[in-house]
>>> print(open('work27.csv').read())   # CSV, C-alpha atoms and all ligand atoms
chain,number,residue,atom,x,y,z
A,1,MET,CA,32.7,0.5,-6.4
A,2,SER,CA,29.9,1.9,-8.3
A,3,GLN,CA,27.3,0.7,-10.8
A,4,PHE,CA,28.3,3.7,-12.9
A,5,TRP,CA,31.9,2.6,-13.5
A,6,SER,CA,33.1,0.9,-16.7
A,7,GLU,CA,33.8,-2.7,-16.1
A,8,ILE,CA,37.6,-2.4,-16.4
A,9,ILE,CA,37.7,0.2,-13.6
A,10,HIS,CA,36.6,-2.3,-11.0
A,11,LYS,CA,39.7,-4.4,-11.8
A,12,LEU,CA,42.3,-1.6,-11.8
A,13,THR,CA,45.0,-1.4,-9.2
A,14,PRO,CA,46.5,2.0,-9.8
A,15,TYR,CA,50.2,2.9,-9.4
A,16,VAL,CA,51.0,4.6,-6.1
A,17,PRO,CA,53.6,7.4,-6.4
A,18,GLY,CA,55.9,8.3,-3.5
A,19,GLU,CA,54.6,10.7,-0.9
A,20,GLN,CA,54.6,14.4,-1.6
A,21,PRO,CA,54.5,15.7,2.0
A,22,LYS,CA,52.8,19.0,2.8
A,23,LEU,CA,55.5,19.9,5.4
A,24,ASP,CA,58.4,22.1,4.4
A,25,ASN,CA,61.1,21.1,6.8
A,26,LEU,CA,61.6,17.6,5.6
A,27,VAL,CA,64.7,16.1,4.1
A,28,LYS,CA,62.9,14.7,1.1
A,29,LEU,CA,64.9,11.7,-0.3
A,30,ASN,CA,61.9,9.6,-1.4
A,31,THR,CA,61.0,10.4,-5.1
A,32,ASN,CA,64.3,10.8,-6.9
A,33,GLU,CA,63.9,14.5,-7.6
A,34,ASN,CA,67.0,16.6,-8.2
A,35,PRO,CA,68.2,18.5,-5.2
A,36,TYR,CA,69.3,21.4,-7.4
A,37,GLY,CA,66.8,23.7,-9.0
A,38,PRO,CA,66.4,24.0,-12.7
A,39,SER,CA,68.9,26.0,-14.7
A,40,PRO,CA,68.4,29.8,-14.3
A,41,LYS,CA,67.9,29.9,-18.0
A,42,VAL,CA,64.8,27.8,-17.6
A,43,ILE,CA,63.4,30.2,-15.0
A,44,ALA,CA,64.0,33.1,-17.3
A,45,ALA,CA,62.4,31.3,-20.3
A,46,LEU,CA,59.3,30.5,-18.1
A,47,LYS,CA,59.0,34.1,-16.9
A,48,GLN,CA,59.1,35.3,-20.5
A,49,GLU,CA,56.3,32.9,-21.5
A,50,VAL,CA,53.9,34.2,-18.8
A,51,ALA,CA,52.3,36.6,-21.2
A,52,ASP,CA,49.1,37.4,-23.1
A,53,THR,CA,49.9,34.5,-25.6
A,54,LEU,CA,48.8,32.0,-22.9
A,55,ARG,CA,45.3,32.6,-24.3
A,56,LEU,CA,46.4,30.7,-27.4
A,57,TYR,CA,46.7,27.0,-27.6
A,58,PRO,CA,50.3,25.7,-27.9
A,59,ASP,CA,51.8,24.0,-31.0
A,60,PRO,CA,50.0,20.6,-31.0
A,61,ASN,CA,53.2,19.1,-32.6
A,62,SER,CA,55.7,20.7,-30.2
A,63,GLU,CA,58.0,21.2,-33.1
A,64,ALA,CA,60.4,23.6,-31.4
A,65,LEU,CA,60.8,21.3,-28.4
A,66,LYS,CA,61.3,18.2,-30.6
A,67,ALA,CA,64.0,20.1,-32.5
A,68,ALA,CA,65.8,21.0,-29.3
A,69,ILE,CA,65.7,17.4,-28.1
A,70,ALA,CA,66.8,16.0,-31.5
A,71,GLU,CA,69.7,18.4,-31.5
A,72,THR,CA,70.8,17.2,-28.0
A,73,HIS,CA,70.8,13.6,-29.1
A,74,HIS,CA,72.0,14.1,-32.7
A,75,LEU,CA,68.8,12.7,-34.2
A,76,ASN,CA,66.2,13.9,-36.6
A,77,PRO,CA,63.0,15.6,-35.1
A,78,HIS,CA,60.9,12.8,-36.7
A,79,GLN,CA,62.6,10.4,-34.3
A,80,VAL,CA,61.3,12.3,-31.3
A,81,PHE,CA,58.0,12.0,-29.4
A,82,VAL,CA,57.1,14.2,-26.5
A,83,GLY,CA,54.6,14.0,-23.7
A,84,ASN,CA,53.4,15.1,-20.3
A,85,GLY,CA,56.1,13.4,-18.3
A,86,SER,CA,57.6,10.1,-19.4
A,87,ASP,CA,54.8,8.4,-17.5
A,88,GLU,CA,52.4,9.7,-20.2
A,89,VAL,CA,54.9,8.8,-23.0
A,90,LEU,CA,55.1,5.3,-21.5
A,91,ALA,CA,51.4,4.9,-21.3
A,92,HIS,CA,51.2,5.6,-25.1
A,93,VAL,CA,54.1,3.2,-25.7
A,94,PHE,CA,52.2,0.4,-23.9
A,95,GLN,CA,49.1,1.0,-25.9
A,96,ALA,CA,50.7,1.7,-29.3
A,97,LEU,CA,53.6,-0.8,-29.3
A,98,LEU,CA,53.4,-3.4,-26.6
A,99,LYS,CA,49.9,-4.9,-26.8
A,100,HIS,CA,50.2,-8.1,-28.8
A,101,ASP,CA,49.1,-11.8,-28.5
A,102,LEU,CA,52.4,-12.8,-27.0
A,103,PRO,CA,53.2,-11.5,-23.5
A,104,LEU,CA,55.2,-8.4,-22.8
A,105,LEU,CA,58.3,-9.2,-20.7
A,106,PHE,CA,59.8,-7.1,-17.9
A,107,PRO,CA,61.8,-7.8,-14.7
A,108,ASP,CA,60.0,-8.9,-11.6
A,109,ILE,CA,61.6,-6.0,-9.7
A,110,SER,CA,61.2,-2.9,-11.8
A,111,TYR,CA,59.2,0.2,-12.2
A,112,SER,CA,55.8,-0.6,-10.7
A,113,PHE,CA,53.9,1.5,-13.2
A,114,TYR,CA,54.5,-1.2,-15.9
A,115,PRO,CA,52.0,-3.7,-14.5
A,116,ALA,CA,49.6,-0.8,-13.9
A,117,TYR,CA,49.7,0.1,-17.6
A,118,CYS,CA,49.2,-3.6,-18.5
A,119,ARG,CA,46.1,-3.7,-16.4
A,120,LEU,CA,44.8,-0.4,-17.9
A,121,TYR,CA,45.3,-1.5,-21.5
A,122,SER,CA,44.6,-5.3,-20.9
A,123,ILE,CA,48.1,-6.2,-22.0
A,124,ASP,CA,49.3,-9.8,-21.3
A,125,TYR,CA,52.7,-9.7,-19.5
A,126,LYS,CA,55.2,-12.0,-17.9
A,127,THR,CA,57.8,-11.0,-15.3
A,128,ILE,CA,61.3,-12.3,-15.5
A,129,ALA,CA,63.1,-12.8,-12.2
A,130,LEU,CA,66.3,-10.7,-11.7
A,131,ALA,CA,69.4,-12.7,-10.8
A,132,GLN,CA,70.3,-13.3,-7.2
A,133,ASP,CA,72.5,-10.1,-7.3
A,134,PHE,CA,69.6,-8.1,-8.7
A,135,THR,CA,71.1,-7.8,-12.2
A,136,ILE,CA,69.2,-8.3,-15.5
A,137,ASN,CA,70.3,-11.4,-17.3
A,138,ILE,CA,69.5,-10.8,-21.0
A,139,SER,CA,69.5,-14.4,-22.0
A,140,ASP,CA,66.4,-14.8,-19.8
A,141,TYR,CA,64.6,-12.7,-22.4
A,142,ASN,CA,65.3,-15.2,-25.3
A,143,GLN,CA,61.7,-16.3,-25.5
A,144,PRO,CA,58.7,-15.5,-27.6
A,145,ASN,CA,57.4,-12.1,-26.6
A,146,GLY,CA,55.2,-9.2,-27.6
A,147,GLY,CA,57.8,-6.7,-26.4
A,148,ILE,CA,60.4,-6.1,-23.7
A,149,ILE,CA,60.7,-3.2,-21.4
A,150,PHE,CA,63.0,-2.3,-18.4
A,151,PRO,CA,64.6,0.8,-17.0
A,152,ASN,CA,68.4,1.3,-17.4
A,153,PRO,CA,69.6,1.8,-14.7
A,154,ASN,CA,66.9,-0.4,-13.3
A,155,ALA,CA,64.5,1.0,-10.6
A,156,PRO,CA,64.4,0.7,-7.7
A,157,THR,CA,67.8,-1.2,-7.7
A,158,GLY,CA,69.8,1.6,-9.5
A,159,ILE,CA,71.9,-1.1,-11.2
A,160,PRO,CA,73.1,-0.2,-14.7
A,161,LEU,CA,73.2,-2.7,-17.6
A,162,ALA,CA,76.2,-2.2,-20.0
A,163,LEU,CA,75.5,-1.1,-23.5
A,164,ASP,CA,77.0,-4.2,-25.1
A,165,LYS,CA,74.4,-6.3,-23.2
A,166,ILE,CA,71.6,-4.0,-24.6
A,167,GLU,CA,73.0,-4.5,-28.0
A,168,GLN,CA,73.1,-8.2,-27.6
A,169,LEU,CA,69.5,-8.2,-26.4
A,170,LEU,CA,68.5,-6.3,-29.6
A,171,LYS,CA,70.4,-8.8,-31.8
A,172,ASN,CA,68.6,-11.6,-30.1
A,173,ASN,CA,65.2,-9.9,-30.3
A,174,THR,CA,64.3,-8.4,-33.7
A,175,GLN,CA,60.6,-9.3,-33.9
A,176,SER,CA,59.2,-7.1,-31.2
A,177,VAL,CA,59.8,-3.6,-29.7
A,178,VAL,CA,62.5,-3.3,-27.0
A,179,VAL,CA,61.9,-0.2,-24.8
A,180,ILE,CA,64.8,1.0,-22.6
A,181,ASP,CA,63.4,3.5,-20.0
A,182,GLU,CA,66.4,5.8,-19.4
A,183,ALA,CA,64.7,8.0,-16.8
A,184,TYR,CA,68.0,7.9,-14.7
A,185,VAL,CA,70.6,7.3,-17.4
A,186,ASP,CA,72.4,10.7,-17.0
A,187,PHE,CA,73.8,9.8,-13.6
A,188,GLY,CA,76.5,7.5,-15.0
A,189,THR,CA,74.8,4.9,-17.1
A,190,GLN,CA,75.6,4.3,-20.8
A,191,SER,CA,72.7,5.4,-23.0
A,192,ALA,CA,71.3,3.2,-25.8
A,193,VAL,CA,70.3,6.3,-27.9
A,194,GLY,CA,73.3,5.7,-30.2
A,195,LEU,CA,71.8,2.3,-31.3
A,196,ILE,CA,68.6,3.8,-32.6
A,197,ASP,CA,69.7,4.2,-36.2
A,198,GLN,CA,70.8,0.5,-36.3
A,199,TYR,CA,67.8,-1.1,-34.6
A,200,PRO,CA,64.3,0.0,-35.9
A,201,ASN,CA,62.6,-1.9,-33.0
A,202,LEU,CA,64.5,0.1,-30.2
A,203,LEU,CA,62.6,2.8,-28.4
A,204,VAL,CA,64.4,4.8,-25.6
A,205,THR,CA,62.4,7.0,-23.2
A,206,HIS,CA,63.8,10.0,-21.2
A,207,THR,CA,62.5,12.5,-18.7
A,208,LEU,CA,63.3,16.0,-17.8
A,209,SER,CA,62.1,15.2,-14.2
A,210,LYS,CA,65.5,13.9,-13.0
A,211,ALA,CA,68.7,15.2,-14.5
A,212,ARG,CA,67.1,18.4,-15.8
A,213,SER,CA,65.5,19.1,-12.4
A,214,LEU,CA,62.0,19.6,-13.9
A,215,ALA,CA,59.7,17.1,-12.2
A,216,GLY,CA,57.2,19.8,-11.6
A,217,LEU,CA,57.0,20.8,-15.3
A,218,ARG,CA,56.0,17.3,-16.6
A,219,VAL,CA,58.0,16.7,-19.8
A,220,GLY,CA,59.3,13.4,-21.1
A,221,TYR,CA,60.1,12.0,-24.5
A,222,ALA,CA,60.7,8.9,-26.5
A,223,LEU,CA,63.4,8.4,-29.2
A,224,GLY,CA,63.2,5.8,-31.9
A,225,SER,CA,62.7,5.1,-35.6
A,226,THR,CA,60.1,7.2,-37.4
A,227,ASP,CA,57.9,4.1,-37.7
A,228,LEU,CA,57.7,3.7,-33.9
A,229,ILE,CA,57.2,7.4,-33.4
A,230,GLU,CA,54.3,7.5,-35.8
A,231,ALA,CA,52.5,4.8,-33.8
A,232,LEU,CA,52.9,7.0,-30.6
A,233,THR,CA,51.7,10.1,-32.5
A,234,ARG,CA,48.6,8.3,-33.6
A,235,VAL,CA,47.7,7.4,-30.0
A,236,LYS,CA,48.5,11.0,-28.8
A,237,ASP,CA,46.4,12.5,-31.5
A,238,SER,CA,43.5,10.3,-30.4
A,239,PHE,CA,43.9,11.2,-26.8
A,240,ASN,CA,45.1,14.8,-26.2
A,241,SER,CA,46.2,17.2,-28.9
A,242,TYR,CA,48.2,19.5,-26.5
A,243,PRO,CA,50.1,17.5,-23.9
A,244,ILE,CA,52.9,20.1,-23.8
A,245,ASP,CA,51.6,23.5,-22.7
A,246,ARG,CA,53.3,26.8,-23.6
A,247,LEU,CA,55.2,27.0,-20.3
A,248,ALA,CA,56.3,23.4,-20.4
A,249,SER,CA,57.6,23.9,-23.9
A,250,ALA,CA,59.5,27.1,-23.1
A,251,GLY,CA,61.1,25.6,-19.9
A,252,ALA,CA,61.9,22.3,-21.5
A,253,ILE,CA,63.6,23.9,-24.5
A,254,ALA,CA,65.8,26.1,-22.3
A,255,ALA,CA,66.7,23.0,-20.1
A,256,MET,CA,67.7,20.9,-23.1
A,257,GLN,CA,69.9,23.8,-24.4
A,258,ASP,CA,71.7,24.4,-21.1
A,259,GLU,CA,74.2,21.6,-21.4
A,260,ASP,CA,76.7,23.2,-19.0
A,261,TYR,CA,74.2,23.4,-16.1
A,262,PHE,CA,73.1,19.8,-16.8
A,263,ASN,CA,76.6,18.5,-16.8
A,264,LYS,CA,77.5,20.4,-13.6
A,265,THR,CA,74.4,19.3,-11.6
A,266,CYS,CA,74.8,15.6,-12.7
A,267,SER,CA,78.4,15.6,-11.6
A,268,LEU,CA,77.5,17.0,-8.2
A,269,VAL,CA,74.9,14.3,-7.7
A,270,ILE,CA,77.3,11.6,-8.8
A,271,SER,CA,80.0,12.9,-6.4
A,272,THR,CA,77.5,13.1,-3.5
A,273,ARG,CA,76.4,9.5,-4.3
A,274,THR,CA,80.0,8.2,-4.1
A,275,LYS,CA,80.5,9.8,-0.7
A,276,LEU,CA,77.1,8.7,0.6
A,277,ILE,CA,77.8,5.0,-0.4
A,278,ALA,CA,81.1,5.1,1.4
A,279,ASP,CA,79.5,6.6,4.6
A,280,LEU,CA,76.7,4.0,4.5
A,281,GLU,CA,79.1,1.2,4.2
A,282,GLN,CA,80.9,2.4,7.3
A,283,LEU,CA,77.5,2.0,9.1
A,284,ASN,CA,77.3,-1.6,7.9
A,285,PHE,CA,74.9,-1.0,5.0
A,286,GLU,CA,75.2,-3.1,1.8
A,287,VAL,CA,74.7,-0.8,-1.2
A,288,LEU,CA,73.9,-2.1,-4.6
A,289,PRO,CA,76.0,-0.5,-7.5
A,290,SER,CA,74.2,2.6,-8.7
A,291,GLY,CA,74.1,4.4,-12.0
A,292,ALA,CA,71.2,6.5,-10.9
A,293,ASN,CA,70.4,9.5,-8.7
A,294,PHE,CA,69.3,7.1,-5.9
A,295,ILE,CA,70.8,4.1,-4.2
A,296,PHE,CA,69.3,0.9,-2.9
A,297,ALA,CA,70.7,-0.2,0.4
A,298,LYS,CA,70.1,-2.6,3.3
A,299,HIS,CA,71.5,-2.7,6.8
A,300,GLN,CA,73.1,-5.9,7.9
A,301,THR,CA,70.8,-6.3,10.9
A,302,LYS,CA,68.1,-3.6,11.0
A,303,ASP,CA,64.9,-4.0,9.0
A,304,GLY,CA,64.1,-1.6,6.1
A,305,ALA,CA,60.5,-0.7,7.3
A,306,GLU,CA,61.8,0.1,10.8
A,307,LEU,CA,64.6,2.3,9.6
A,308,THR,CA,62.2,4.2,7.3
A,309,ALA,CA,59.9,4.8,10.2
A,310,GLU,CA,62.7,6.0,12.5
A,311,LEU,CA,64.1,8.3,9.8
A,312,ARG,CA,60.6,9.8,9.4
A,313,THR,CA,60.5,10.8,13.1
A,314,ARG,CA,63.7,12.6,12.4
A,315,ASN,CA,62.1,14.5,9.4
A,316,ILE,CA,63.9,12.4,6.7
A,317,ILE,CA,61.8,10.5,4.2
A,318,VAL,CA,63.2,7.7,2.1
A,319,ARG,CA,61.2,5.1,0.1
A,320,HIS,CA,60.6,1.6,1.3
A,321,PHE,CA,58.8,-1.2,-0.7
A,322,LYS,CA,57.0,-3.9,1.3
A,323,ALA,CA,56.9,-6.3,-1.7
A,324,PRO,CA,58.4,-8.4,-3.0
A,325,THR,CA,60.0,-9.7,0.1
A,326,ARG,CA,63.3,-10.0,-1.6
A,327,ILE,CA,63.5,-6.1,-1.5
A,328,SER,CA,61.6,-5.5,1.7
A,329,THR,CA,64.9,-5.2,3.7
A,330,TYR,CA,66.1,-2.4,1.4
A,331,LEU,CA,65.7,1.4,1.5
A,332,ARG,CA,65.7,3.5,-1.7
A,333,ILE,CA,67.4,6.7,-0.9
A,334,THR,CA,67.4,9.6,-3.4
A,335,ILE,CA,70.8,11.4,-3.7
A,336,GLY,CA,70.4,14.9,-2.2
A,337,THR,CA,73.0,17.6,-1.5
A,338,ASP,CA,76.1,16.9,0.6
A,339,VAL,CA,74.4,18.7,3.5
A,340,GLN,CA,71.3,16.4,3.2
A,341,SER,CA,73.6,13.3,3.1
A,342,ASP,CA,75.4,14.4,6.3
A,343,PHE,CA,72.0,14.9,8.0
A,344,LEU,CA,71.0,11.4,6.9
A,345,ILE,CA,74.2,9.8,8.1
A,346,ARG,CA,74.0,11.6,11.5
A,347,ALA,CA,70.4,10.4,11.9
A,348,LEU,CA,71.3,6.8,10.9
A,349,THR,CA,74.3,6.8,13.3
A,350,GLU,CA,72.0,7.8,16.1
A,351,ILE,CA,69.3,5.2,15.2
A,352,LEU,CA,71.9,2.4,14.9
A,353,SER,CA,73.9,3.3,18.1
A,401,LIG,N1,60.5,5.7,-15.4
A,401,LIG,C1,61.0,5.4,-14.2
A,401,LIG,C2,61.8,4.1,-14.1
A,401,LIG,C3,60.7,6.2,-13.1
A,401,LIG,O1,61.2,5.9,-11.9
A,401,LIG,C4,59.9,7.3,-13.3
A,401,LIG,C5,59.6,8.3,-12.1
A,401,LIG,N2,58.7,7.8,-11.3
A,401,LIG,C6,59.4,7.6,-14.6
A,401,LIG,C7,59.7,6.7,-15.6
A,401,LIG,C8,58.5,8.7,-14.9
A,401,LIG,O2,59.0,10.0,-14.7
A,401,LIG,P1,58.2,11.3,-15.2
A,401,LIG,O3,56.8,10.9,-15.5
A,401,LIG,O4,58.4,12.3,-14.1
A,401,LIG,O5,58.9,11.6,-16.5
>>> encode(input="work27.csv", output="structure tokens", more="lines below")
Ligand code: PMP
Amino acid sequence: MSQFWSEIIHKLTPYVPGEQPKLDNLVKLNTNENPYGPSPKVIAALKQEVADTLRLYPDPNSEALKAAIAETHHLNPHQVFVGNGSDEVLAHVFQALLKHDLPLLFPDISYSFYPAYCRLYSIDYKTIALAQDFTINISDYNQPNGGIIFPNPNAPTGIPLALDKIEQLLKNNTQSVVVIDEAYVDFGTQSAVGLIDQYPNLLVTHTLSKARSLAGLRVGYALGSTDLIEALTRVKDSFNSYPIDRLASAGAIAAMQDEDYFNKTCSLVISTRTKLIADLEQLNFEVLPSGANFIFAKHQTKDGAELTAELRTRNIIVRHFKAPTRISTYLRITIGTDVQSDFLIRALTEILS
């Protein structure tokens, strides 16, 4: 606390990201990174960009990157907004589109950055409890609101919401912006991107951190009507003219264009997930249905915090959330390679025996 701080800073409770350990020999299953490296075409594009041209600013409008993203999603580049990770894109979304007199609605168990942005931008919000089985019940969102946001699949549960439910939500809610955070959509969840041309209040956010294996490059984007994108651009141009540097742009374009590599690595993650769920069930875990590159699982008898600590002593890190208590028995486990899954299952077998 300091007399030098602006008043709002005293009241902020920042988001706490998962640990990025300094040790190399860990099986790191805690922050939903992709176990496979980026496409070799991304590495080649990055190497080529390490050149004298780095002395020049990048394109402030990231036109080439927007064109590549638009092509992937069969949209027009004016329907694309890009930023330094989807966290930055989301920050602009909260400020540009979700701050109104009525409260923003999101699930009580969801991405914990949402309440952090509400505090940062003084946005009134109301959380809506997930159903007993941790699913989102869209009729609970039929109430006056200044916007709605949730991840699909949800985080940290991993549970996907079917596209017809999203469309129903959009039909019920035409007067405020509906944001679907599709950070994990490529691991078997239906995307809402195809609804954008029909619903001018729908905004969908994506990241290259997960399915495109580029968490370290920091690129994310939003897709929506030109009207919504213009609001985001106004905030960005009042904040940072160059959120996408030359390297990030070159790497991200190559990643968007290598569809084969993307499909191959997503399929590998999905098949490892299927096998890991079966193995965990054999060890008396209950695993929630997952459309993500992570699973949310609890053991029938052993506590989540204890299991997390015991795995850590065996050089495996997973994520545990102390609050709310409804999820404190669960572990969130990122899907790694088959070899990492086997290592995890062996450790859990030892711990539980
Ligand atoms: N949305 C959700 C639901 C997430 O879990 C994450 C990753 N922490 C993000 C957005 C942000 O990802 P990034 O900033 O790496 O694009």
>>> residues_around(input="work27.csv", residues="His299 of chain A", least_positions_apart="5", cutoff="9 Å", atoms="all atoms listed in the file", output="compact mmCIF listing (two decimals) with C-alpha atoms, in the coordinates of the input")
# COMPACT_ATOMS: atom_id res chain seq x y z
CA LEU A 280 76.70 4.00 4.50
CA GLU A 281 79.10 1.20 4.20
CA LEU A 283 77.50 2.00 9.10
CA ASN A 284 77.30 -1.60 7.90
CA PHE A 285 74.90 -1.00 5.00
CA GLU A 286 75.20 -3.10 1.80
CA VAL A 287 74.70 -0.80 -1.20
CA GLY A 304 64.10 -1.60 6.10
CA LEU A 307 64.60 2.30 9.60
CA THR A 329 64.90 -5.20 3.70
CA TYR A 330 66.10 -2.40 1.40
CA LEU A 331 65.70 1.40 1.50
>>> atom_distance(input="work27.csv", atom1="atom CA of Leu98 of chain A", atom2="atom CA of Phe187 of chain A")
27.6 Å
>>> residues_near_ligand(input="work27.csv", ligand="ligand LIG 401 (chain A)", cutoff="7 Å", atoms="only C-alpha atoms and all ligand atoms", output="list of chain:residue names")
A:Gly85, A:Ser86, A:Asp87, A:Glu88, A:Tyr111, A:Pro151, A:Asn154, A:Ala155, A:Asp181, A:Ala183, A:His206, A:Thr207, A:Leu208, A:Ser209, A:Ala215, A:Arg218, A:Val219, A:Gly220
>>> closest_atom_pairs(input="work27.csv", of="segment 312-344 of chain A", to="segment 23-46 of chain A", cutoff="9 Å", atoms="all atoms listed in the file", output="tab-separated table")
residue	atom	partner	partner_atom	distance
A:Arg312	CA	A:Leu26	CA	8.7
A:Arg314	CA	A:Leu26	CA	8.7
A:Asn315	CA	A:Leu26	CA	4.9
A:Ile316	CA	A:Val27	CA	4.6
A:Ile317	CA	A:Lys28	CA	5.3
A:Val318	CA	A:Asn30	CA	4.2
A:Arg319	CA	A:Asn30	CA	4.8
A:His320	CA	A:Asn30	CA	8.5
A:Arg332	CA	A:Asn30	CA	7.2
A:Ile333	CA	A:Leu29	CA	5.6
A:Thr334	CA	A:Leu29	CA	4.5
A:Ile335	CA	A:Leu29	CA	6.8
A:Gly336	CA	A:Pro35	CA	5.2
A:Thr337	CA	A:Pro35	CA	6.1
A:Gln340	CA	A:Val27	CA	6.7
A:Phe343	CA	A:Val27	CA	8.4
A:Leu344	CA	A:Val27	CA	8.3
>>> atom_distance(input="work27.csv", atom1="atom CA of Leu195 of chain A", atom2="atom CA of Phe81 of chain A")
17.0 Å
>>> closest_atom_pairs(input="work27.csv", of="segment 38-95 of chain A", to="segment 123-127 of chain A", cutoff="12 Å", atoms="all atoms listed in the file", output="Markdown table")
| residue | atom | partner | partner_atom | distance |
| --- | --- | --- | --- | --- |
| A:Ala91 | CA | A:Ile123 | CA | 11.6 |
| A:Val93 | CA | A:Ile123 | CA | 11.7 |
| A:Phe94 | CA | A:Ile123 | CA | 8.0 |
| A:Gln95 | CA | A:Ile123 | CA | 8.2 |
>>> write_last_selection(input="work27.csv", atoms="C-alpha atoms", output="mmCIF file, in the frame of the given file")
data_model
loop_
_atom_site.group_PDB
_atom_site.id
_atom_site.type_symbol
_atom_site.label_atom_id
_atom_site.label_comp_id
_atom_site.auth_asym_id
_atom_site.auth_seq_id
_atom_site.Cartn_x
_atom_site.Cartn_y
_atom_site.Cartn_z
ATOM 1 C CA ALA A 91 51.400 4.900 -21.300
ATOM 2 C CA VAL A 93 54.100 3.200 -25.700
ATOM 3 C CA PHE A 94 52.200 0.400 -23.900
ATOM 4 C CA GLN A 95 49.100 1.000 -25.900
#
>>> build_atoms(input="work27.csv", residues="segment 257-262 of chain A", atoms="all heavy atoms", output="tab-separated table (two decimals), in the coordinates of the input")
chain	number	residue	atom	x	y	z
A	257	GLN	N	68.80	23.01	-23.78
A	257	GLN	CA	69.90	23.80	-24.40
A	257	GLN	C	70.99	24.16	-23.39
A	257	GLN	O	72.08	24.52	-23.80
A	257	GLN	CB	69.32	25.03	-25.06
A	257	GLN	CG	68.52	24.64	-26.31
A	257	GLN	CD	67.79	25.79	-26.95
A	257	GLN	OE1	67.57	26.83	-26.31
A	257	GLN	NE2	67.37	25.61	-28.19
A	258	ASP	N	70.70	24.05	-22.09
A	258	ASP	CA	71.70	24.40	-21.10
A	258	ASP	C	72.56	23.21	-20.69
A	258	ASP	O	72.44	22.70	-19.58
A	258	ASP	CB	71.12	25.14	-19.90
A	258	ASP	CG	72.19	25.89	-19.10
A	258	ASP	OD1	73.39	25.66	-19.35
A	258	ASP	OD2	71.81	26.69	-18.21
A	259	GLU	N	73.40	22.80	-21.60
A	259	GLU	CA	74.20	21.60	-21.40
A	259	GLU	C	75.20	21.77	-20.22
A	259	GLU	O	75.44	20.82	-19.47
A	259	GLU	CB	74.99	21.35	-22.71
A	259	GLU	CG	75.44	19.94	-22.95
A	259	GLU	CD	74.28	18.96	-23.20
A	259	GLU	OE1	73.15	19.38	-23.50
A	259	GLU	OE2	74.55	17.77	-23.08
A	260	ASP	N	75.73	22.98	-20.04
A	260	ASP	CA	76.70	23.20	-19.00
A	260	ASP	C	76.09	22.97	-17.60
A	260	ASP	O	76.65	22.30	-16.73
A	260	ASP	CB	77.28	24.63	-18.99
A	260	ASP	CG	78.20	24.82	-20.17
A	260	ASP	OD1	78.61	23.80	-20.77
A	260	ASP	OD2	78.49	25.99	-20.50
A	261	TYR	N	74.89	23.52	-17.42
A	261	TYR	CA	74.20	23.40	-16.10
A	261	TYR	C	73.87	21.92	-15.86
A	261	TYR	O	74.06	21.41	-14.76
A	261	TYR	CB	72.95	24.25	-16.11
A	261	TYR	CG	72.29	24.31	-14.75
A	261	TYR	CD1	72.72	25.22	-13.78
A	261	TYR	CD2	71.26	23.44	-14.41
A	261	TYR	CE1	72.14	25.25	-12.52
A	261	TYR	CE2	70.66	23.46	-13.16
A	261	TYR	CZ	71.11	24.38	-12.22
A	261	TYR	OH	70.54	24.41	-10.98
A	262	PHE	N	73.40	21.26	-16.91
A	262	PHE	CA	73.10	19.80	-16.80
A	262	PHE	C	74.28	19.02	-16.41
A	262	PHE	O	74.23	18.22	-15.47
A	262	PHE	CB	72.53	19.43	-18.22
A	262	PHE	CG	72.48	17.96	-18.51
A	262	PHE	CD1	71.46	17.18	-18.02
A	262	PHE	CD2	73.45	17.38	-19.32
A	262	PHE	CE1	71.39	15.82	-18.32
A	262	PHE	CE2	73.39	16.03	-19.64
A	262	PHE	CZ	72.37	15.25	-19.13
